[in-house]
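Next comes start.pdb, a file with PDB, C-alpha atoms, pLDDT in the B column.
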MODEL        1
ATOM      1  CA  MET A   1       0.000   0.000   0.000  1.00 44.00           C
ATOM      2  CA  GLY A   2       1.240   3.482  -0.799  1.00 48.00           C
ATOM      3  CA  HIS A   3       0.454   5.098   2.523  1.00 52.00           C
ATOM      4  CA  TYR A   4       2.602   7.933   3.671  1.00 52.00           C
ATOM      5  CA  PRO A   5       3.626   8.203   7.308  1.00 57.00           C
ATOM      6  CA  ILE A   6       2.209  11.316   8.903  1.00 57.00           C
ATOM      7  CA  ASN A   7       3.719  12.974  11.937  1.00 57.00           C
ATOM      8  CA  ILE A   8       0.555  13.228  14.022  1.00 54.00           C
ATOM      9  CA  ALA A   9       2.126  15.756  16.404  1.00 55.00           C
ATOM     10  CA  ALA A  10       2.771  18.110  13.485  1.00 59.00           C
ATOM     11  CA  LEU A  11      -0.759  17.877  12.078  1.00 65.00           C
ATOM     12  CA  LYS A  12      -2.493  21.202  11.748  1.00 74.00           C
ATOM     13  CA  MET A  13      -6.191  21.313  11.119  1.00 78.00           C
ATOM     14  CA  ASN A  14      -8.627  24.116  10.623  1.00 82.00           C
ATOM     15  CA  GLU A  15     -12.111  24.612   9.214  1.00 87.00           C
ATOM     16  CA  ARG A  16     -10.757  24.643   5.663  1.00 87.00           C
ATOM     17  CA  HIS A  17      -9.120  21.220   6.095  1.00 87.00           C
ATOM     18  CA  ILE A  18     -12.312  19.751   7.505  1.00 91.00           C
ATOM     19  CA  SER A  19     -14.371  21.360   4.741  1.00 92.00           C
ATOM     20  CA  GLU A  20     -12.039  19.808   2.152  1.00 92.00           C
ATOM     21  CA  LEU A  21     -12.473  16.379   3.753  1.00 94.00           C
ATOM     22  CA  GLU A  22     -16.256  16.817   3.800  1.00 95.00           C
ATOM     23  CA  LYS A  23     -16.194  17.783   0.141  1.00 97.00           C
ATOM     24  CA  PHE A  24     -13.980  14.826  -0.776  1.00 96.00           C
ATOM     25  CA  PHE A  25     -16.035  12.211   1.086  1.00 97.00           C
ATOM     26  CA  GLY A  26     -19.307  13.809  -0.029  1.00 96.00           C
ATOM     27  CA  GLY A  27     -18.251  13.609  -3.661  1.00 95.00           C
ATOM     28  CA  ILE A  28     -17.550   9.886  -3.809  1.00 94.00           C
ATOM     29  CA  THR A  29     -19.523   6.693  -3.402  1.00 93.00           C
ATOM     30  CA  ILE A  30     -18.515   5.019  -0.160  1.00 91.00           C
ATOM     31  CA  SER A  31     -18.519   1.236  -0.177  1.00 87.00           C
ATOM     32  CA  ASP A  32     -20.418  -0.707   2.489  1.00 91.00           C
ATOM     33  CA  GLU A  33     -17.524  -3.176   2.501  1.00 94.00           C
ATOM     34  CA  PRO A  34     -14.997  -3.062   5.355  1.00 95.00           C
ATOM     35  CA  ILE A  35     -11.806  -1.134   4.608  1.00 94.00           C
ATOM     36  CA  ARG A  36      -8.424  -1.910   6.153  1.00 93.00           C
ATOM     37  CA  LEU A  37      -7.039   1.369   7.448  1.00 92.00           C
ATOM     38  CA  ASP A  38      -3.744  -0.047   8.652  1.00 88.00           C
ATOM     39  CA  VAL A  39      -2.287  -3.306   9.884  1.00 90.00           C
ATOM     40  CA  CYS A  40      -4.294  -3.090  13.129  1.00 91.00           C
ATOM     41  CA  THR A  41      -7.485  -1.310  12.066  1.00 93.00           C
ATOM     42  CA  VAL A  42     -10.415  -2.384   9.928  1.00 95.00           C
ATOM     43  CA  ILE A  43     -13.283   0.037   9.355  1.00 96.00           C
ATOM     44  CA  GLU A  44     -16.391  -2.151   9.421  1.00 97.00           C
ATOM     45  CA  SER A  45     -18.832   0.593   8.400  1.00 96.00           C
ATOM     46  CA  PRO A  46     -17.015   3.259   6.370  1.00 96.00           C
ATOM     47  CA  LYS A  47     -20.033   5.604   6.074  1.00 96.00           C
ATOM     48  CA  VAL A  48     -20.592   5.629   9.834  1.00 97.00           C
ATOM     49  CA  PHE A  49     -16.851   6.030  10.424  1.00 98.00           C
ATOM     50  CA  ILE A  50     -16.636   9.069   8.136  1.00 97.00           C
ATOM     51  CA  ASP A  51     -19.751  10.742   9.527  1.00 97.00           C
ATOM     52  CA  ALA A  52     -18.723  10.199  13.152  1.00 98.00           C
ATOM     53  CA  HIS A  53     -15.178  11.404  12.569  1.00 97.00           C
ATOM     54  CA  LEU A  54     -16.306  14.558  10.738  1.00 97.00           C
ATOM     55  CA  GLN A  55     -18.849  15.330  13.476  1.00 97.00           C
ATOM     56  CA  HIS A  56     -16.165  14.915  16.133  1.00 96.00           C
ATOM     57  CA  LEU A  57     -13.772  17.204  14.267  1.00 94.00           C
ATOM     58  CA  LYS A  58     -16.364  19.935  13.813  1.00 93.00           C
ATOM     59  CA  ALA A  59     -17.375  19.769  17.480  1.00 94.00           C
ATOM     60  CA  ASN A  60     -13.776  19.732  18.738  1.00 93.00           C
ATOM     61  CA  MET A  61     -12.002  22.030  16.299  1.00 87.00           C
ATOM     62  CA  GLY A  62      -8.355  22.575  17.152  1.00 81.00           C
ATOM     63  CA  LYS A  63      -8.243  20.356  20.229  1.00 87.00           C
ATOM     64  CA  GLU A  64      -5.261  18.046  20.552  1.00 84.00           C
ATOM     65  CA  ASN A  65      -7.445  14.997  21.183  1.00 88.00           C
ATOM     66  CA  SER A  66      -8.996  15.476  17.726  1.00 89.00           C
ATOM     67  CA  LYS A  67      -5.768  14.842  15.827  1.00 87.00           C
ATOM     68  CA  PRO A  68      -6.256  11.045  15.683  1.00 90.00           C
ATOM     69  CA  TYR A  69      -9.681  11.563  14.082  1.00 94.00           C
ATOM     70  CA  PHE A  70      -8.177  13.915  11.505  1.00 92.00           C
ATOM     71  CA  TYR A  71      -5.283  11.530  10.889  1.00 91.00           C
ATOM     72  CA  ARG A  72      -7.584   8.528  10.335  1.00 94.00           C
ATOM     73  CA  LEU A  73      -9.672  10.485   7.815  1.00 95.00           C
ATOM     74  CA  LEU A  74      -6.486  11.489   5.988  1.00 92.00           C
ATOM     75  CA  GLN A  75      -5.405   7.837   5.941  1.00 92.00           C
ATOM     76  CA  LEU A  76      -8.771   6.748   4.559  1.00 95.00           C
ATOM     77  CA  LYS A  77      -8.694   9.486   1.923  1.00 94.00           C
ATOM     78  CA  GLN A  78      -5.235   8.319   0.822  1.00 92.00           C
ATOM     79  CA  ILE A  79      -6.391   4.684   0.618  1.00 92.00           C
ATOM     80  CA  ILE A  80      -9.385   5.675  -1.510  1.00 93.00           C
ATOM     81  CA  GLU A  81      -7.234   7.855  -3.774  1.00 91.00           C
ATOM     82  CA  ASP A  82      -4.645   5.090  -4.141  1.00 88.00           C
ATOM     83  CA  GLY A  83      -7.395   2.610  -5.034  1.00 84.00           C
ATOM     84  CA  ALA A  84      -8.866   4.972  -7.604  1.00 62.00           C
ATOM     85  CA  ASN A  85      -5.446   5.420  -9.189  1.00 54.00           C
ATOM     86  CA  LYS A  86      -4.942   1.644  -9.418  1.00 58.00           C
ATOM     87  CA  GLU A  87      -8.256   1.196 -11.237  1.00 49.00           C
ATOM     88  CA  THR A  88      -7.385   3.658 -14.011  1.00 45.00           C
TER      89      THR A  88
ENDMDL
END

Rewrite the structure of this file - the entire thing - as structure tokens.
Amino acid sequence: MGHYPINIAALKMNERHISELEKFFGGITISDEPIRLDVCTVIESPKVFIDAHLQHLKANMGKENSKPYFYRLLQLKQIIEDGANKET
């Protein structure tokens, strides 16, 4: 998999970043199939995962404990983009 390591401590997020993620996930068809996020994590319900993570980010903008939610959405976005590139 072509996933890029992200330094979670260095992550910066703001309303624009969250808006971009909302736009990305809102503009694609999300599979009901589980998605492996990393070696230890499988997302069983991707739609619920995305909605819950975006809600958390909007409610907790800028808080340190929100970085893992932001990071996981970035990981998922990268996986989806990598998969789309493989299909073309």

Would you mind listing what lies within 9 Å of Lys58 in chain A as a PDB file with C-alpha atoms, in the coordinates of the input, with only C-alpha atoms counted and same-chain residues fewer than 4 positions away left out?
ATOM      1  CA  GLU A  15     -12.111  24.612   9.214  1.00 87.00           C
ATOM      2  CA  ILE A  18     -12.312  19.751   7.505  1.00 91.00           C
ATOM      3  CA  HIS A  53     -15.178  11.404  12.569  1.00 97.00           C
ATOM      4  CA  LEU A  54     -16.306  14.558  10.738  1.00 97.00           C
TER       5      LEU A  54
END

* Check what the PyMOL selection byres ((chain A and resi 47) around 10) selects in the file above and give those residues as a list in words. =>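 When the PyMOL selection byres ((chain A and resi 47) around 10) is applied, the selected residues are Phe25, Thr29, Ile30, Ser31, Asp32, Glu33, Ile43, Glu44, Ser45, Pro46, Val48, Phe49, Ile50, Asp51, Ala52 and His53 of chain A.
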
Would you write out those residues with C-alpha atoms, as a compact mmCIF listing (two decimals), in the coordinates of the input?
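Done, and the output landed in out.txt:
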# COMPACT_ATOMS: atom_id res chain seq x y z
CA PHE A 25 -16.04 12.21 1.09
CA THR A 29 -19.52 6.69 -3.40
CA ILE A 30 -18.52 5.02 -0.16
CA SER A 31 -18.52 1.24 -0.18
CA ASP A 32 -20.42 -0.71 2.49
CA GLU A 33 -17.52 -3.18 2.50
CA ILE A 43 -13.28 0.04 9.36
CA GLU A 44 -16.39 -2.15 9.42
CA SER A 45 -18.83 0.59 8.40
CA PRO A 46 -17.02 3.26 6.37
CA VAL A 48 -20.59 5.63 9.83
CA PHE A 49 -16.85 6.03 10.42
CA ILE A 50 -16.64 9.07 8.14
CA ASP A 51 -19.75 10.74 9.53
CA ALA A 52 -18.72 10.20 13.15
CA HIS A 53 -15.18 11.40 12.57

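Coordinates place CA of Arg36 in chain A at a distance of 8.8 Å from CA of Leu76 in chain A.
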
* Which residues match the PyMOL selection byres ((chain A and resi 68) around 10) in the file above, as JSON, numbers by chain? -> {"A": [8, 9, 11, 53, 57, 64, 65, 66, 67, 69, 70, 71, 72, 73, 74]}

* Asked: When you draw a straight line from CA of Ala59 in chain A to CA of Gly26 in chain A, how long is it in Å?
  ->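 The value is 18.6 Å.
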
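CA of His17 in chain A is positioned 10.6 Å from CA of Met61 in chain A.
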
* Option closest in space to Lys12 in chain A, from A:Gln75, A:Lys63, A:Gln55, A:Ile28 [counting all atoms listed in the file] ->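 For Lys12 in chain A, the nearest of the candidates is A:Lys63.
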
Got a moment to write range 38-59 of chain A out with N, CA and C atoms, as an mmCIF file, in the first residue's frame?
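After the write, out-v3.cif holds the following:
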data_model
loop_
_atom_site.group_PDB
_atom_site.id
_atom_site.type_symbol
_atom_site.label_atom_id
_atom_site.label_comp_id
_atom_site.auth_asym_id
_atom_site.auth_seq_id
_atom_site.Cartn_x
_atom_site.Cartn_y
_atom_site.Cartn_z
ATOM 1 N N ASP A 38 -5.155 0.259 8.432
ATOM 2 C CA ASP A 38 -3.744 -0.047 8.652
ATOM 3 C C ASP A 38 -3.662 -1.485 9.138
ATOM 4 N N VAL A 39 -2.493 -1.907 9.511
ATOM 5 C CA VAL A 39 -2.287 -3.306 9.884
ATOM 6 C C VAL A 39 -3.151 -3.723 11.083
ATOM 7 N N CYS A 40 -3.532 -2.779 11.915
ATOM 8 C CA CYS A 40 -4.294 -3.090 13.129
ATOM 9 C C CYS A 40 -5.752 -2.645 13.085
ATOM 10 N N THR A 41 -6.167 -1.927 12.057
ATOM 11 C CA THR A 41 -7.485 -1.310 12.066
ATOM 12 C C THR A 41 -8.279 -1.631 10.809
ATOM 13 N N VAL A 42 -9.481 -2.152 11.020
ATOM 14 C CA VAL A 42 -10.415 -2.384 9.928
ATOM 15 C C VAL A 42 -11.657 -1.549 10.213
ATOM 16 N N ILE A 43 -12.074 -0.762 9.234
ATOM 17 C CA ILE A 43 -13.283 0.037 9.355
ATOM 18 C C ILE A 43 -14.434 -0.831 8.854
ATOM 19 N N GLU A 44 -15.298 -1.251 9.767
ATOM 20 C CA GLU A 44 -16.391 -2.151 9.421
ATOM 21 C C GLU A 44 -17.518 -1.435 8.683
ATOM 22 N N SER A 45 -17.759 -0.176 9.033
ATOM 23 C CA SER A 45 -18.832 0.593 8.400
ATOM 24 C C SER A 45 -18.268 1.952 7.988
ATOM 25 N N PRO A 46 -17.689 2.026 6.793
ATOM 26 C CA PRO A 46 -17.015 3.259 6.370
ATOM 27 C C PRO A 46 -17.888 4.510 6.418
ATOM 28 N N LYS A 47 -19.168 4.416 6.048
ATOM 29 C CA LYS A 47 -20.033 5.604 6.074
ATOM 30 C C LYS A 47 -20.202 6.133 7.490
ATOM 31 N N VAL A 48 -20.433 5.234 8.434
ATOM 32 C CA VAL A 48 -20.592 5.629 9.834
ATOM 33 C C VAL A 48 -19.281 6.210 10.362
ATOM 34 N N PHE A 49 -18.185 5.574 10.018
ATOM 35 C CA PHE A 49 -16.851 6.030 10.424
ATOM 36 C C PHE A 49 -16.613 7.465 9.965
ATOM 37 N N ILE A 50 -16.869 7.733 8.700
ATOM 38 C CA ILE A 50 -16.636 9.069 8.136
ATOM 39 C C ILE A 50 -17.525 10.099 8.812
ATOM 40 N N ASP A 51 -18.820 9.799 8.907
ATOM 41 C CA ASP A 51 -19.751 10.742 9.527
ATOM 42 C C ASP A 51 -19.372 11.046 10.972
ATOM 43 N N ALA A 52 -19.067 10.015 11.743
ATOM 44 C CA ALA A 52 -18.723 10.199 13.152
ATOM 45 C C ALA A 52 -17.426 10.990 13.313
ATOM 46 N N HIS A 53 -16.449 10.692 12.475
ATOM 47 C CA HIS A 53 -15.178 11.404 12.569
ATOM 48 C C HIS A 53 -15.329 12.875 12.189
ATOM 49 N N LEU A 54 -16.094 13.160 11.139
ATOM 50 C CA LEU A 54 -16.306 14.558 10.738
ATOM 51 C C LEU A 54 -17.085 15.321 11.812
ATOM 52 N N GLN A 55 -18.089 14.688 12.395
ATOM 53 C CA GLN A 55 -18.849 15.330 13.476
ATOM 54 C C GLN A 55 -17.943 15.650 14.656
ATOM 55 N N HIS A 56 -17.090 14.694 15.014
ATOM 56 C CA HIS A 56 -16.165 14.915 16.133
ATOM 57 C C HIS A 56 -15.235 16.090 15.830
ATOM 58 N N LEU A 57 -14.701 16.127 14.627
ATOM 59 C CA LEU A 57 -13.772 17.204 14.267
ATOM 60 C C LEU A 57 -14.445 18.572 14.313
ATOM 61 N N LYS A 58 -15.664 18.650 13.806
ATOM 62 C CA LYS A 58 -16.364 19.935 13.813
ATOM 63 C C LYS A 58 -16.696 20.387 15.233
ATOM 64 N N ALA A 59 -17.021 19.438 16.096
ATOM 65 C CA ALA A 59 -17.375 19.769 17.480
ATOM 66 C C ALA A 59 -16.152 20.063 18.340
#
